[in-house]
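Peer 1: Sending over a structure as structure tokens; questions will come in a sec.
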Amino acid sequence: MPETEPIAVVLTALPVEYDAVRALLESLDEVVLDDGTRLERGRLSGTGWTVALAELGEGALNTAALTTRVVSALAPECLLFVGVAGGLKDELRLGDVVVGTKVYAVHGGKQTPQGFLARPEVWHGSHRLVQAARSALRDLDGVRAHRKPIACGDVVLADDRSALRDHIRRTYNDAYAIETEGSGASHAAHLSGGLDALVVRGISDLADAGKSTADAEGSQALAAGQAAKVALAVLRKHAPRPRSAPGAEEEARPGTGSGSGSGAGAGTGTGTGGDTIAFQGGTYYGPVVGKITRHN
């Protein structure tokens with residue numbers, strides 16, 4: 001894969017989520033990382049993106065570990081986790097999409113004789129990607145979308161009268177959906193050094209006793225398809241960063257080339273004065289020769 005090719009990574013947990021994104025990509029081929037992790041790489045038509053798509057399996061810990069591996073191997077410009085979730089608000093319908101302005105990890109805390117004391121952790125969705133989502137959703141027909149926080153925990157919630165549901169309602173009251181992988185992907189993106197990341201979830205059930213019935217009636221395929229539609233609409237708005245053509249910088253700078261730095265002022269004193277070599281943004285193919293002077 002050329003180093004200059006802009007890559008967006010899209011991660012999923014379940015086959016139904018993977019298939020929904022895959023159906024919207026073109027010219028797919030398989031990529032196998034050194035540790036055996038498999039992705040498919042395809043084009044998003046009408047954009048400059050190459051999309052690397054992976055099905056990681058369930059759970060935040062598994063997601064965090066494999067996301068770190070994928071990001072290290074592919075060096076993407078942005079990362080989206082796309083899938084299904086349970087809805088937490090009465091206004092939600094099956095097939096609605098929640099774009100995660102924040103992702104909460106809901107299980108952190110301390111149990112005391114006085115009760116459970118929450119110790120929240122939160123990751124904000126990338127400002128660039130949230131803004132791209134806001135723009136994309138204005139023109140996206142057939143989708144009811146909400147730009148709201150998402151709760152993440154290591155449990156599938158199928159009881160709207162449970163202690164967990166009550167805990168989320170009291171402690172993470174603005175959360176619109178609950179799922180199990182978003183915190184892992186968000187934390188891995190954060191540790192990578194500020195990679196733009198966003199969690200996009202389609203509502204496949206209402207986190208209540210009707211979950212099994214909704215799943216059996218095809219709600220996951222509906223929700224995954226809507227989430228995939230939104231995620232790729234976000235990528236269409238969020239263009240890859242501009243990249244210089246190979247060799248363009250060297251051609252624009254007389255006197256630079258193999259064996260010398262290509263940063264501003266390298267070997268010429270340009271912009272810094274005197275016998276100075278500036279290393280900012282430089283690309284080097286051999287030794288750099290300079291001069292050390294003393295300033296009194």
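In the structure tokens, each chain is lettered A, B, ... as it comes, each chain's residues begin at 1, and ligands are numbered from 1 in order of appearance.
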Might you pull out every residue within 10 Å of segment 32-34 of chain A, with only C-alpha atoms counted and same-chain residues fewer than 3 positions away left off, and present them as a list in words?
Peer 2: Thr37, Arg38, Leu39, Glu40, Arg69, Val70, Ala73 and Leu74 of chain A
Peer 1: In segment 109-215 of chain A, what's strand (DSSP E or B) per DSSP? Answer as a ChimeraX atom specification?
Peer 2: /A:109-112,115-118,121-124,145-152,177-179,196-205
Peer 1: For Arg41 of chain A, which residue among A:Leu66, A:Pro6, A:Cys152, A:Ser72 is the nearest when counting only C-alpha atoms?
Peer 2: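 Comparing A:Leu66, A:Pro6, A:Cys152, A:Ser72 against Arg41 of chain A, the winner is A:Pro6.
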Peer 1: For Val200 of chain A, list every protein, DNA or RNA residue within 9 Å, evaluated using only C-alpha atoms, and leave out those in the same chain fewer than 6 positions away; present the list as a count of residues only.
Peer 2: 14
Peer 1: Can you pull out the residues contacting Glu55 of chain A? Cut-off 7 Å, using only C-alpha atoms, and skip same-chain residues under 3 positions away; I want them as a list in words.
Peer 2: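 Listing them by chain and then by number gives Leu11, Thr12, Ala13, Leu14, Pro15 and Tyr18 of chain A.
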Peer 1: Going by DSSP on the backbone, which bits of segment 62-288 of chain A are helix (DSSP H, G or I)? Write them as number ranges by chain, please.
Peer 2: A: 62-74, 127-138, 163-171, 182-191, 211-216, 219-237, 248-251
Peer 1: Atom CA of Asp29 of chain A and atom CA of Ala8 of chain A, how far apart in Å?
Peer 2: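 Between atom CA of Ala8 of chain A and atom CA of Asp29 of chain A the gap works out to 15.1 Å.
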Peer 1: One number please: atom CA of Thr180 of chain A to atom CA of Arg93 of chain A, in Å, one decimal.
Peer 2: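 Pair atom CA of Thr180 of chain A / atom CA of Arg93 of chain A returns 19.8 Å.
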Peer 1: Have a look at A:Ala132, A:Val31, A:Ala163, A:Val16 and name the one nearest to Gly218 of chain A; count only C-alpha atoms.
Peer 2: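 Under the stated criterion, the closest residue is A:Val16.
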Peer 1: Nearest to Ala85 of chain A among A:Leu129, A:Glu5, A:Asp166, A:Ile150, with distances taken over only C-alpha atoms: which residue is it?
Peer 2: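 Selected residue with least distance to Ala85 of chain A: A:Ile150.
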Peer 1: Given only C-alpha atoms as the basis, pick out the residue of A:His190, A:Ala158, A:Tyr172, A:Lys229 nearest to Thr213 of chain A.
Peer 2: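 The closest residue to Thr213 of chain A is A:Ala158.
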Peer 1: At a cut-off of 7 Å, using only C-alpha atoms, what residues contact Tyr104 of chain A? Leave out same-chain residues fewer than 4 positions from it and give the result as an NGL selection string.
Peer 2: :A and (121-123 or 150-152 or 183)
